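J.: Sharing data_7.txt here; it has compact mmCIF, C-alpha atoms.
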# COMPACT_ATOMS: atom_id res chain seq x y z
CA MET A 169 84.25 -59.69 5.35
CA SER A 170 81.56 -60.51 7.85
CA ALA A 171 78.94 -63.12 7.40
CA GLN A 172 75.37 -61.80 6.87
CA ALA A 173 73.03 -62.63 9.78
CA PRO A 174 70.35 -65.04 8.77
CA SER A 175 66.99 -63.23 8.28
CA ALA A 176 63.99 -64.23 10.42
CA ILE A 177 61.63 -66.74 9.00
CA PHE A 178 57.95 -65.85 9.50
CA SER A 179 54.95 -67.99 9.16
CA VAL A 180 52.56 -66.56 6.59
CA SER A 181 50.14 -65.51 9.30
CA ASP A 182 52.92 -63.85 11.31
CA PHE A 183 54.22 -62.11 8.21
CA ILE A 184 50.77 -60.70 7.49
CA ALA A 185 50.40 -59.63 11.15
CA VAL A 186 53.83 -57.98 11.24
CA THR A 187 53.19 -56.25 7.91
CA ASN A 188 49.92 -54.88 9.25
CA GLN A 189 51.70 -53.70 12.40
CA VAL A 190 54.20 -51.87 10.21
CA PHE A 191 51.33 -50.31 8.25
CA GLU A 192 49.57 -49.28 11.41
CA THR A 193 52.71 -47.68 12.77
CA ALA A 194 53.78 -46.00 9.55
CA TYR A 195 50.32 -45.06 8.26
CA PRO A 196 47.76 -45.16 11.07
CA SER A 197 45.62 -42.97 8.88
CA VAL A 198 46.24 -42.05 5.30
CA ASP A 199 44.27 -39.87 2.89
CA VAL A 200 44.36 -41.12 -0.69
CA GLU A 201 42.81 -39.36 -3.64
CA GLY A 202 41.70 -41.17 -6.76
CA GLU A 203 38.85 -42.06 -9.06
CA VAL A 204 36.28 -44.65 -8.00
CA SER A 205 35.84 -47.79 -10.08
CA SER A 206 34.14 -51.16 -9.61
CA PHE A 207 31.91 -49.75 -6.86
CA LYS A 208 29.60 -52.38 -5.36
CA VAL A 209 27.71 -53.12 -2.12
CA ASN A 210 27.53 -56.73 -0.93
CA GLN A 211 24.73 -58.03 1.31
CA GLY A 212 23.64 -54.49 1.95
CA LYS A 213 26.51 -54.14 4.43
CA PHE A 214 29.91 -54.20 2.77
CA VAL A 215 31.19 -51.68 0.27
CA PHE A 216 33.95 -52.53 -2.19
CA PHE A 217 35.53 -50.29 -4.77
CA ASP A 218 38.88 -49.39 -6.26
CA ILE A 219 40.47 -46.00 -6.41
CA LYS A 220 42.83 -45.40 -9.25
CA ASP A 221 44.79 -42.84 -11.16
CA SER A 222 46.85 -43.07 -14.34
CA GLY A 223 49.62 -44.87 -12.50
CA GLY A 224 47.84 -47.49 -10.40
CA SER A 225 44.83 -48.84 -8.55
CA VAL A 226 44.12 -49.84 -4.93
CA ASN A 227 41.29 -51.96 -3.51
CA CYS A 228 39.12 -50.32 -0.86
CA PHE A 229 36.75 -51.78 1.71
CA MET A 230 34.31 -50.14 4.10
CA THR A 231 30.93 -50.75 5.74
CA VAL A 232 27.73 -49.22 4.42
CA TRP A 233 27.12 -47.16 7.56
CA GLN A 234 30.52 -45.53 7.18
CA LEU A 235 29.55 -44.35 3.72
CA ARG A 236 28.00 -40.94 4.48
CA VAL A 237 27.89 -39.53 0.98
CA PRO A 238 26.86 -41.28 -2.23
CA ILE A 239 29.67 -42.24 -4.57
CA GLU A 240 29.69 -43.93 -7.92
CA ASP A 241 32.15 -45.06 -10.55
CA GLY A 242 34.11 -42.27 -12.16
CA MET A 243 33.77 -39.95 -9.17
CA LYS A 244 36.92 -38.43 -7.76
CA VAL A 245 37.16 -39.02 -4.00
CA ILE A 246 39.48 -38.74 -1.04
CA VAL A 247 39.43 -41.74 1.27
CA THR A 248 40.66 -41.70 4.84
CA ALA A 249 41.87 -45.22 5.49
CA THR A 250 44.32 -47.62 7.05
CA PRO A 251 46.38 -49.82 4.73
CA LYS A 252 45.90 -53.51 5.32
CA LEU A 253 47.21 -56.82 4.01
CA THR A 254 44.39 -59.35 4.04
CA GLN A 255 44.78 -62.96 5.07
CA TRP A 256 44.65 -63.80 1.39
CA GLY A 257 47.65 -61.59 0.76
CA LYS A 258 45.76 -58.88 -1.00
CA PHE A 259 46.57 -55.27 -0.21
CA SER A 260 43.60 -53.01 0.44
CA LEU A 261 42.61 -49.83 2.18
CA THR A 262 40.18 -50.17 5.09
CA VAL A 263 38.23 -46.96 4.64
CA ARG A 264 36.78 -44.98 7.53
CA ASN A 265 35.62 -42.02 5.54
CA VAL A 266 35.14 -41.17 1.91
CA ARG A 267 34.34 -37.76 0.54
CA PRO A 268 33.99 -36.39 -2.96
CA SER A 269 36.95 -34.38 -4.19
CA GLY A 270 36.70 -31.47 -6.56
CA GLU A 271 33.73 -29.39 -7.59
CA GLY A 272 32.38 -31.89 -10.10
CA ALA A 273 32.37 -34.82 -7.69
CA LEU A 274 30.89 -32.75 -4.88
CA LYS A 275 28.11 -31.56 -7.13
CA LYS A 276 27.42 -35.05 -8.45
CA SER A 277 27.32 -36.51 -4.93
CA PHE A 278 25.08 -33.66 -3.78
CA GLU A 279 22.60 -34.26 -6.59
CA ILE A 280 22.44 -38.03 -6.04
CA LEU A 281 21.82 -37.65 -2.29
CA LYS A 282 19.39 -34.80 -2.82
CA ALA A 283 17.30 -36.93 -5.20
CA LYS A 284 17.39 -39.86 -2.79
CA LEU A 285 16.34 -37.90 0.29
CA ASP A 286 13.80 -35.91 -1.67
CA SER A 287 12.16 -39.14 -2.84
CA GLU A 288 11.88 -40.14 0.83
CA GLY A 289 10.06 -36.87 1.56
CA LEU A 290 12.71 -35.41 3.86
CA PHE A 291 12.44 -32.00 2.18
CA ALA A 292 8.65 -31.97 1.82
CA PRO A 293 7.05 -28.60 2.69
CA GLU A 294 4.35 -30.33 4.76
CA ARG A 295 7.04 -31.58 7.16
CA LYS A 296 8.12 -28.05 8.01
CA ARG A 297 7.12 -26.84 11.45
CA LEU A 298 6.47 -23.26 12.46
CA LEU A 299 8.89 -21.65 14.86
CA PRO A 300 7.60 -19.87 17.97
CA ARG A 301 7.11 -16.16 17.25
CA ILE A 302 9.47 -15.24 20.06
CA PRO A 303 11.32 -18.22 21.52
CA ARG A 304 12.48 -18.14 25.13
CA HIS A 305 15.09 -20.89 24.95
CA VAL A 306 17.33 -21.49 21.93
CA GLY A 307 20.05 -24.04 21.21
CA VAL A 308 22.86 -22.98 18.88
CA ILE A 309 25.23 -25.38 17.16
CA SER A 310 28.29 -23.74 15.64
CA SER A 311 31.96 -23.11 16.00
CA THR A 312 32.26 -20.28 18.50
CA GLN A 313 35.46 -19.18 16.74
CA ALA A 314 33.72 -18.76 13.37
CA ALA A 315 32.85 -15.36 11.93
CA GLY A 316 29.36 -16.65 11.13
CA TYR A 317 28.74 -17.35 14.83
CA ALA A 318 29.90 -13.85 15.80
CA ASP A 319 27.58 -12.35 13.18
CA PHE A 320 24.68 -14.42 14.47
CA ILE A 321 25.20 -13.41 18.12
CA LYS A 322 25.62 -9.74 17.22
CA ILE A 323 22.42 -9.62 15.19
CA LEU A 324 20.58 -11.66 17.85
CA ASN A 325 21.64 -9.28 20.64
CA ASP A 326 20.79 -6.25 18.52
CA ARG A 327 17.34 -7.52 17.69
CA TRP A 328 16.13 -9.11 20.91
CA GLY A 329 16.92 -9.99 24.52
CA ASP A 330 15.64 -12.15 27.35
CA LEU A 331 16.62 -15.35 25.53
CA GLN A 332 18.32 -18.29 27.12
CA VAL A 333 20.88 -19.25 24.46
CA ASP A 334 22.78 -22.51 24.94
CA VAL A 335 25.71 -22.81 22.55
CA ALA A 336 27.24 -26.14 21.55
CA HIS A 337 30.72 -25.57 20.16
CA VAL A 338 31.50 -27.99 17.32
CA GLN A 339 33.68 -28.18 14.27
CA VAL A 340 31.78 -27.01 11.23
CA GLN A 341 34.11 -28.32 8.56
CA GLY A 342 36.21 -31.39 8.05
CA THR A 343 35.50 -35.07 8.34
CA SER A 344 34.54 -34.98 12.01
CA ALA A 345 32.16 -32.06 11.65
CA PRO A 346 29.00 -34.04 10.75
CA ASP A 347 29.35 -36.35 13.75
CA GLN A 348 30.02 -33.45 16.11
CA ILE A 349 26.97 -31.60 14.86
CA ILE A 350 24.88 -34.76 15.19
CA ARG A 351 26.05 -35.25 18.80
CA ALA A 352 25.23 -31.64 19.62
CA LEU A 353 21.79 -31.98 18.02
CA ASN A 354 21.15 -35.17 19.99
CA TYR A 355 22.35 -33.42 23.15
CA PHE A 356 19.74 -30.67 22.74
CA ASN A 357 17.03 -33.18 21.82
CA GLN A 358 17.70 -35.12 25.01
CA GLN A 359 17.53 -32.18 27.41
CA GLU A 360 14.81 -32.12 30.03
CA ASP A 361 14.34 -28.42 29.39
CA LEU A 362 14.09 -28.61 25.61
CA PRO A 363 15.08 -25.55 23.62
CA GLU A 364 12.21 -24.33 21.47
CA VAL A 365 14.48 -23.98 18.44
CA VAL A 366 17.89 -25.31 17.45
CA VAL A 367 19.94 -23.07 15.19
CA ILE A 368 22.77 -24.62 13.15
CA ILE A 369 25.05 -22.03 11.60
CA ARG A 370 28.28 -21.69 9.71
CA GLY A 371 29.70 -18.84 7.66
CA GLY A 372 30.78 -18.95 4.05
CA GLY A 373 33.42 -21.21 2.57
CA SER A 374 34.34 -23.33 -0.41
CA ALA A 375 32.14 -26.19 -1.55
CA ASP A 376 34.56 -28.55 0.20
CA ASP A 377 34.34 -26.50 3.44
CA LEU A 378 30.56 -26.73 3.39
CA ALA A 379 30.47 -30.42 2.43
CA ALA A 380 29.84 -31.45 6.06
CA PHE A 381 26.30 -30.08 5.68
CA ASN A 382 25.61 -32.55 2.88
CA ASP A 383 26.36 -35.56 5.07
CA GLU A 384 23.49 -38.04 4.79
CA LEU A 385 23.36 -38.97 8.46
CA LEU A 386 23.42 -35.33 9.55
CA VAL A 387 20.67 -34.43 7.09
CA ARG A 388 18.53 -37.29 8.44
CA GLU A 389 19.16 -36.22 12.05
CA ILE A 390 18.10 -32.67 11.25
CA ALA A 391 14.95 -33.92 9.54
CA GLY A 392 14.21 -36.14 12.56
CA SER A 393 14.92 -33.57 15.26
CA ARG A 394 12.21 -33.26 17.93
CA ILE A 395 13.07 -29.59 18.17
CA PRO A 396 12.34 -27.36 15.17
CA THR A 397 15.51 -26.31 13.38
CA ILE A 398 16.88 -23.33 11.51
CA VAL A 399 19.94 -23.95 9.37
CA GLY A 400 21.98 -21.03 8.07
CA VAL A 401 25.08 -22.19 6.24
CA GLY A 402 27.36 -20.23 3.93
CA HIS A 403 26.18 -17.35 1.81
CA GLU A 404 22.85 -16.72 0.16
CA ILE A 405 23.78 -18.64 -3.00
CA ASP A 406 24.96 -21.73 -1.11
CA GLU A 407 22.46 -24.54 -0.80
CA SER A 408 23.11 -27.51 1.46
CA LEU A 409 21.02 -30.59 2.10
CA ALA A 410 20.94 -29.61 5.77
CA ASP A 411 19.22 -26.37 4.67
CA LEU A 412 16.62 -28.35 2.78
CA ALA A 413 15.91 -30.69 5.68
CA ALA A 414 15.58 -27.91 8.24
CA ASP A 415 12.21 -26.51 9.24
CA VAL A 416 13.45 -23.06 8.27
CA ARG A 417 16.25 -22.30 5.86
CA ALA A 418 18.25 -19.16 6.54
CA ALA A 419 20.40 -17.69 3.80
CA THR A 420 23.22 -16.81 6.21
CA PRO A 421 23.92 -16.96 9.96
CA SER A 422 22.83 -13.31 10.23
CA ASN A 423 19.62 -14.18 8.44
CA ALA A 424 19.07 -17.01 10.93
CA ALA A 425 19.05 -14.44 13.74
CA GLN A 426 16.63 -12.29 11.75
CA LEU A 427 14.27 -15.22 11.27
CA LEU A 428 14.56 -16.32 14.88
CA VAL A 429 13.48 -13.16 16.71
CA PRO A 430 11.71 -9.90 15.90
CA ASP A 431 13.62 -6.63 15.78
CA ARG A 432 12.97 -4.71 19.01
CA ASN A 433 13.92 -1.43 17.31
CA GLU A 434 11.26 -2.10 14.70
CA ILE A 435 8.72 -2.81 17.46
CA ILE A 436 9.68 0.41 19.26
CA ARG A 437 9.35 2.35 16.00
CA ALA A 438 5.96 0.75 15.25
CA THR A 439 4.75 1.47 18.80
CA LYS A 440 5.70 5.13 18.46
CA VAL A 441 4.00 5.36 15.08
CA GLN A 442 0.90 3.74 16.61
CA VAL A 443 0.76 6.34 19.39
CA GLN A 444 1.54 9.26 17.08
CA SER A 445 -1.24 8.14 14.77
CA LEU A 446 -3.69 8.93 17.60
CA LEU A 447 -2.95 12.67 17.47
CA PRO A 448 -4.42 13.22 13.99
CA ARG A 449 -7.44 11.25 15.21
CA ILE A 450 -7.91 13.68 18.12
CA LEU A 451 -7.33 16.70 15.86
CA GLN A 452 -9.76 15.26 13.34
CA MET A 453 -12.40 14.91 16.05
CA ILE A 454 -11.75 18.47 17.28
CA GLU A 455 -12.14 19.73 13.71
CA GLN A 456 -15.31 17.68 13.33
CA TYR A 457 -16.71 19.15 16.55
CA ARG A 458 -15.69 22.66 15.42
CA ILE A 459 -17.51 22.20 12.14
CA GLU A 460 -20.60 20.87 13.92
CA VAL A 461 -20.64 23.76 16.44
CA LYS A 462 -20.19 26.27 13.63
CA ALA A 463 -23.02 24.69 11.69
CA GLU A 464 -25.24 24.85 14.80
CA LEU A 465 -24.42 28.53 15.25
CA PHE A 466 -25.25 29.21 11.62
CA ARG A 467 -28.52 27.35 12.00
CA ALA A 468 -29.39 29.37 15.13
CA LEU A 469 -28.46 32.63 13.40
CA ASP A 470 -30.48 31.67 10.37
CA THR A 471 -33.51 30.85 12.51
CA THR A 472 -33.17 34.17 14.35
CA MET A 473 -32.83 36.08 11.10
CA ARG A 474 -35.83 34.37 9.60
CA SER A 475 -37.88 35.11 12.73
CA LEU A 476 -36.75 38.74 12.63
CA GLU A 477 -37.68 39.02 8.97
CA ASP A 478 -41.12 37.56 9.70
CA GLN A 479 -41.70 40.02 12.52
CA THR A 480 -40.47 42.89 10.37
CA ALA A 481 -42.83 41.88 7.56
CA ARG A 482 -45.75 41.67 9.95
CA LEU A 483 -44.85 45.08 11.36
CA ASP A 484 -44.67 46.55 7.85
CA ASN A 485 -48.06 45.07 7.12
CA LEU A 486 -49.55 46.59 10.25
CA LYS A 487 -47.95 49.90 9.45
CA GLN A 488 -49.56 49.80 6.02
CA ILE A 489 -52.94 49.05 7.56
CA LEU A 490 -52.49 51.86 10.06
CA GLN A 491 -51.46 54.12 7.28
CA GLN A 492 -54.63 53.27 5.41
CA LEU A 493 -56.67 54.02 8.51
CA ASN A 494 -55.01 57.40 9.13
CA PRO A 495 -57.65 60.25 8.58
CA ARG A 496 -55.02 62.39 6.95
CA THR A 497 -54.62 59.79 4.24
CA VAL A 498 -58.39 60.05 3.60
CA LEU A 499 -58.20 63.85 3.50
CA ALA A 500 -55.29 63.56 1.06
CA ARG A 501 -57.52 61.60 -1.28
CA GLY A 502 -59.83 64.63 -1.45
CA TYR A 503 -62.29 63.88 1.29
CA ALA A 504 -63.22 66.39 4.02
CA LEU A 505 -63.97 66.01 7.69
CA LEU A 506 -67.10 67.63 9.07
CA ARG A 507 -67.37 68.52 12.78
CA GLY A 508 -70.50 69.91 14.47
CA LYS A 509 -74.28 69.26 14.49
CA VAL A 510 -75.77 68.71 11.08
CA VAL A 511 -78.93 70.79 11.47
CA VAL A 512 -80.05 73.77 9.46
CA GLY A 513 -78.59 76.96 10.79
CA ALA A 514 -75.83 75.26 12.79
CA GLU A 515 -72.24 76.24 12.33
CA VAL A 516 -69.95 73.39 11.42
CA GLU A 517 -66.23 73.00 10.92
CA ILE A 518 -64.94 71.41 7.69
CA GLU A 519 -61.39 70.15 7.50
CA THR A 520 -59.80 69.36 4.11
CA ASN A 521 -56.33 68.22 3.32
CA THR A 522 -55.10 71.73 3.12
CA ALA A 523 -57.56 73.90 5.15
CA ILE A 524 -60.11 74.15 7.97
CA LEU A 525 -63.29 75.97 7.09
CA LYS A 526 -66.19 77.38 9.18
CA ALA A 527 -69.58 76.96 7.47
CA GLU A 528 -73.29 77.23 8.19
CA VAL A 529 -75.69 74.41 7.42
CA LYS A 530 -78.26 75.70 4.91
CA HIS A 531 -80.11 72.54 4.06
CA VAL A 532 -80.19 68.93 5.26
CA SER A 533 -81.87 66.17 3.31
CA LYS A 534 -81.99 62.43 3.80
CA LYS A 535 -80.14 60.22 1.26
CA MET B 266 8.31 -11.22 26.33
CA SER B 267 7.92 -12.42 29.89
CA VAL B 268 10.13 -9.86 31.58
CA LYS B 269 8.28 -7.77 34.15
CA ASN B 270 9.26 -4.30 35.26
CA SER B 271 8.53 -2.48 38.46
CA THR B 272 4.87 -2.11 37.56
CA SER B 273 4.67 -5.92 37.33
CA LYS B 274 3.37 -5.87 33.76
CA THR B 275 5.10 -7.80 31.05
CA ILE B 276 5.94 -6.21 27.72
CA GLN B 277 3.25 -8.38 26.19
CA GLU B 278 0.66 -7.09 28.68
CA LYS B 279 1.70 -3.51 28.03
CA THR B 280 1.54 -4.05 24.28
CA ALA B 281 -1.94 -5.53 24.63
CA GLU B 282 -3.01 -2.59 26.79
CA LEU B 283 -1.66 -0.16 24.22
CA SER B 284 -3.54 -1.96 21.45
CA GLU B 285 -6.75 -1.66 23.46
CA LEU B 286 -6.16 2.06 23.94
CA VAL B 287 -5.54 2.55 20.24
CA ALA B 288 -8.69 0.60 19.42
CA TRP B 289 -10.67 2.85 21.77
CA PHE B 290 -9.81 5.86 19.61
CA ASP B 291 -11.53 4.19 16.66
CA SER B 292 -14.50 2.90 18.66
CA ASP B 293 -17.91 4.41 19.31
CA ALA B 294 -16.83 4.93 22.91
CA PHE B 295 -14.51 7.73 21.81
CA THR B 296 -15.13 11.07 23.46
CA LEU B 297 -12.99 14.13 23.08
CA GLU B 298 -13.14 14.75 26.81
CA ALA B 299 -11.48 11.39 27.60
CA ALA B 300 -9.19 11.35 24.56
CA LEU B 301 -6.40 13.48 25.98
CA ASP B 302 -6.01 11.36 29.11
CA LYS B 303 -6.06 8.19 27.03
CA PHE B 304 -3.46 9.65 24.69
CA LYS B 305 -1.16 10.50 27.58
CA LEU B 306 -1.60 6.96 28.88
CA ALA B 307 -0.69 5.54 25.45
CA GLU B 308 2.39 7.75 25.28
CA ASN B 309 3.55 6.55 28.69
CA LEU B 310 2.96 2.93 27.75
CA ALA B 311 4.99 3.35 24.54
CA THR B 312 7.84 4.87 26.54
CA GLU B 313 7.72 2.01 29.04
CA ILE B 314 7.66 -0.61 26.27
CA GLU B 315 10.69 1.02 24.63
CA LYS B 316 12.55 1.11 27.93
CA ASP B 317 11.68 -2.50 28.72
CA LEU B 318 12.66 -3.74 25.26
CA LEU B 319 16.01 -1.96 25.32
CA SER B 320 16.81 -3.35 28.76
CA LEU B 321 16.39 -7.00 27.69
CA LYS B 322 19.63 -8.98 27.63
CA ASN B 323 20.28 -12.46 26.30
CA ASP B 324 21.79 -15.08 28.56
CA ILE B 325 24.34 -16.90 26.38
CA THR B 326 25.89 -20.01 27.86
CA LEU B 327 28.47 -22.29 26.31
CA VAL B 328 27.47 -25.92 26.79
CA LYS B 329 30.11 -27.67 28.88
CA GLN B 330 29.79 -30.96 27.12
CA LYS B 331 32.33 -31.71 24.38
CA PHE B 332 31.14 -33.09 21.09
CA ASP B 333 34.46 -34.04 19.49
CA SER B 334 34.15 -37.69 20.48
CA GLU B 335 31.57 -40.27 21.49
CA LEU B 336 30.65 -40.20 25.16
Go ahead and render the structure in this file as structure tokens.

T.:
Amino acid sequence: MSAQAPSAIFSVSDFIAVTNQVFETAYPSVDVEGEVSSFKVNQGKFVFFDIKDSGGSVNCFMTVWQLRVPIEDGMKVIVTATPKLTQWGKFSLTVRNVRPSGEGALKKSFEILKAKLDSEGLFAPERKRLLPRIPRHVGVISSTQAAGYADFIKILNDRWGDLQVDVAHVQVQGTSAPDQIIRALNYFNQQEDLPEVVVIIRGGGSADDLAAFNDELLVREIAGSRIPTIVGVGHEIDESLADLAADVRAATPSNAAQLLVPDRNEIIRATKVQVQSLLPRILQMIEQYRIEVKAELFRALDTTMRSLEDQTARLDNLKQILQQLNPRTVLARGYALLRGKVVVGAEVEIETNTAILKAEVKHVSKK
Amino acid sequence: MSVKNSTSKTIQEKTAELSELVAWFDSDAFTLEAALDKFKLAENLATEIEKDLLSLKNDITLVKQKFDSEL
């Protein structure tokens, strides 16, 4: 039977320090899920709340600027924290990140932050800037491994070319995603050769996957970007606060590419249609000329015909006059033509319509 | 649309030129005698614009800077 070694005796301060060292070694970072209660903010800087479930409750502490999404009592959250024993011997979690957990909490948090930012005018239509019709230089923030990014690049390349596209690869989900996207956005905003548009894209996912785009700081950075932004996150039905703060909201990453540049195939088609539309114009003018020439010919023919008719009528008239003057016509009416000297005893010739007679003048008297 | 081809005209310039040609067909300056030459010119421009547009390529560069931590 051996004697038990005497245990070390700590001062209270040392015990607290050693305990915290053990915590730091065993749980440098721990995610704990529970329901928020007793939420309060002291001096506008320090946030205190408890998270609890049916079996227990733990105190939590964090700073206001670490709180990136709104939370309130009753909301289910996941905190990322380090356990700590305070100098007063109280156990608490020093929280680095808190995020809503479950559809209900996410929705609630979304609505609270949306109302807050909306009241500040971050989503106001008058803040929205127009994008250049065809940008030359574009910044893209996305995960280059994501399907949404591949869709965006494919549609972009199909639709247009001659763009300088700088791509910032970031995580687009998880607790570090908002900060990475913010850094990338700041990077583009600080460039000497500023992109004309920054496109932030991510494909579809669960509400939890897309939660990064409802981060308050990220939403504010997007709203404050010097460079106009397009945000295309998730599917058409998904709405994020980043969407609302952007200058242009795209329904999907593919839609972002569609909104960013025109479709060259559409331009080619329109150009061809434009040129082809000239042919009917030429044919129409030829037809118009043909009709005009034909009308001129008809007018000339008509004039000629009328002139001919006039001449024919005049000729007929003259013929009638000549006919009237013809001696035979007079003879036909019963008159006779006398030839020779009209003196008594002279022989004269008398021509009627049907005969020529020789006669002697027997008597001549004045009328 | 700043890319220039061998004729040193940008796509934008060619598009503007084509628009002017099309407008001519609807203007009082239209004459049938000149129309065919203008039409051929428009056809050539459309072909050049198509060729130029299809030859455009994007220059996609991955930013070297990492964003997973503070600088």

J.: Select, from A:Gln234, A:Ser205, A:Ser310, A:Gln255, the residue with the minimum atom-to-atom distance to Val328 in chain B, counting only C-alpha atoms.

T.: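 Looking at the shortest contact to Val328 in chain B, the residue is A:Ser310.
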
J.: Could you check how far CA of His403 in chain A sits from CA of Val333 in chain A, in Å to one decimal?

T.: 23.3 Å

J.: Tell me, in Å to one decimal, how far CA of Val512 in chain A is from CA of Leu525 in chain A.

T.: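 Separation between CA of Val512 in chain A and CA of Leu525 in chain A: 17.1 Å.
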
J.: Per residue of chain A within 7 Å of chain B, note the shortest atom pair and the distance in Å to one decimal, counting all atoms listed in the file, and order the rows by chain and increasing residue number, as a tab-separated table.

T.:
residue	atom	partner	partner_atom	distance
A:Asn325	CA	B:Asn323	CA	6.6
A:Gly329	CA	B:Lys322	CA	4.2
A:Asp330	CA	B:Asn323	CA	4.8
A:Leu331	CA	B:Asn323	CA	4.7
A:Gln332	CA	B:Asp324	CA	4.9
A:Val333	CA	B:Ile325	CA	4.6
A:Asp334	CA	B:Thr326	CA	4.9
A:Val335	CA	B:Leu327	CA	4.7
A:Ala336	CA	B:Val328	CA	5.2
A:Val338	CA	B:Phe332	CA	6.4
A:Gln348	CA	B:Phe332	CA	5.1
A:Arg351	CA	B:Phe332	CA	6.0
A:Ala352	CA	B:Phe332	CA	6.3
A:Arg432	CA	B:Leu318	CA	6.3
A:Ile436	CA	B:Glu315	CA	5.5
A:Thr439	CA	B:Ala311	CA	6.0
A:Lys440	CA	B:Ala311	CA	6.4
A:Val443	CA	B:Glu308	CA	6.3
A:Ile450	CA	B:Ala300	CA	7.0

J.: What lies within 6 Å of Ile518 in chain A using all atoms listed in the file, ignoring chain neighbours under 3 positions off, as a PyMOL selection string?

T.: chain A and resi 505-506+524-525

J.: Just want the 10 Å neighbourhood of Gly224 in chain A, counted on all atoms listed in the file, with same-chain residues fewer than 4 positions away dropped. Output as number ranges by chain.

T.: A: 202, 219-220

J.: Just to confirm, what's the straight-line distance from CA of Arg295 in chain A to CA of Leu412 in chain A in Å (one decimal)?

T.: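 Calculated distance between CA of Arg295 in chain A and CA of Leu412 in chain A is 11.0 Å.
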
J.: Quick one: residues within 9 Å of Ile395 in chain A, only C-alpha atoms counted, chain neighbours fewer than 6 positions away excluded, as a list in words?

T.: Phe356, Asn357, Leu362, Pro363, Glu364, Val365 and Val366 of chain A

J.: Which of these residues is nearest to Ile323 in chain A, using only C-alpha atoms: A:Leu486, A:Met453, A:Leu427, A:Ala481?

T.: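 Looking at the shortest contact to Ile323 in chain A, the residue is A:Leu427.
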
J.: Name the residues in contact with Asp199 in chain A at a cut-off of 7 Å, using all atoms listed in the file, excluding same-chain residues fewer than 3 positions from it; report them as a ChimeraX atom specification.

T.: /A:246-249

J.: Store the residues picked out above, limited to C-alpha atoms, as a short mmCIF file (atom, residue, chain, number, x, y, z; two decimals), in the coordinates of the input.

T.:
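Output saved as again-v8.cif:
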data_model
loop_
_atom_site.label_atom_id
_atom_site.label_comp_id
_atom_site.auth_asym_id
_atom_site.auth_seq_id
_atom_site.Cartn_x
_atom_site.Cartn_y
_atom_site.Cartn_z
CA ILE A 246 39.48 -38.74 -1.04
CA VAL A 247 39.43 -41.74 1.27
CA THR A 248 40.66 -41.70 4.84
CA ALA A 249 41.87 -45.22 5.49
#

J.: List the spatial neighbours of Pro430 in chain A as a ChimeraX atom specification - criterion: any atom at most 8 Å away, all atoms listed in the file, same-chain residues fewer than 6 positions off excluded.

T.: /A:301-302,327-328
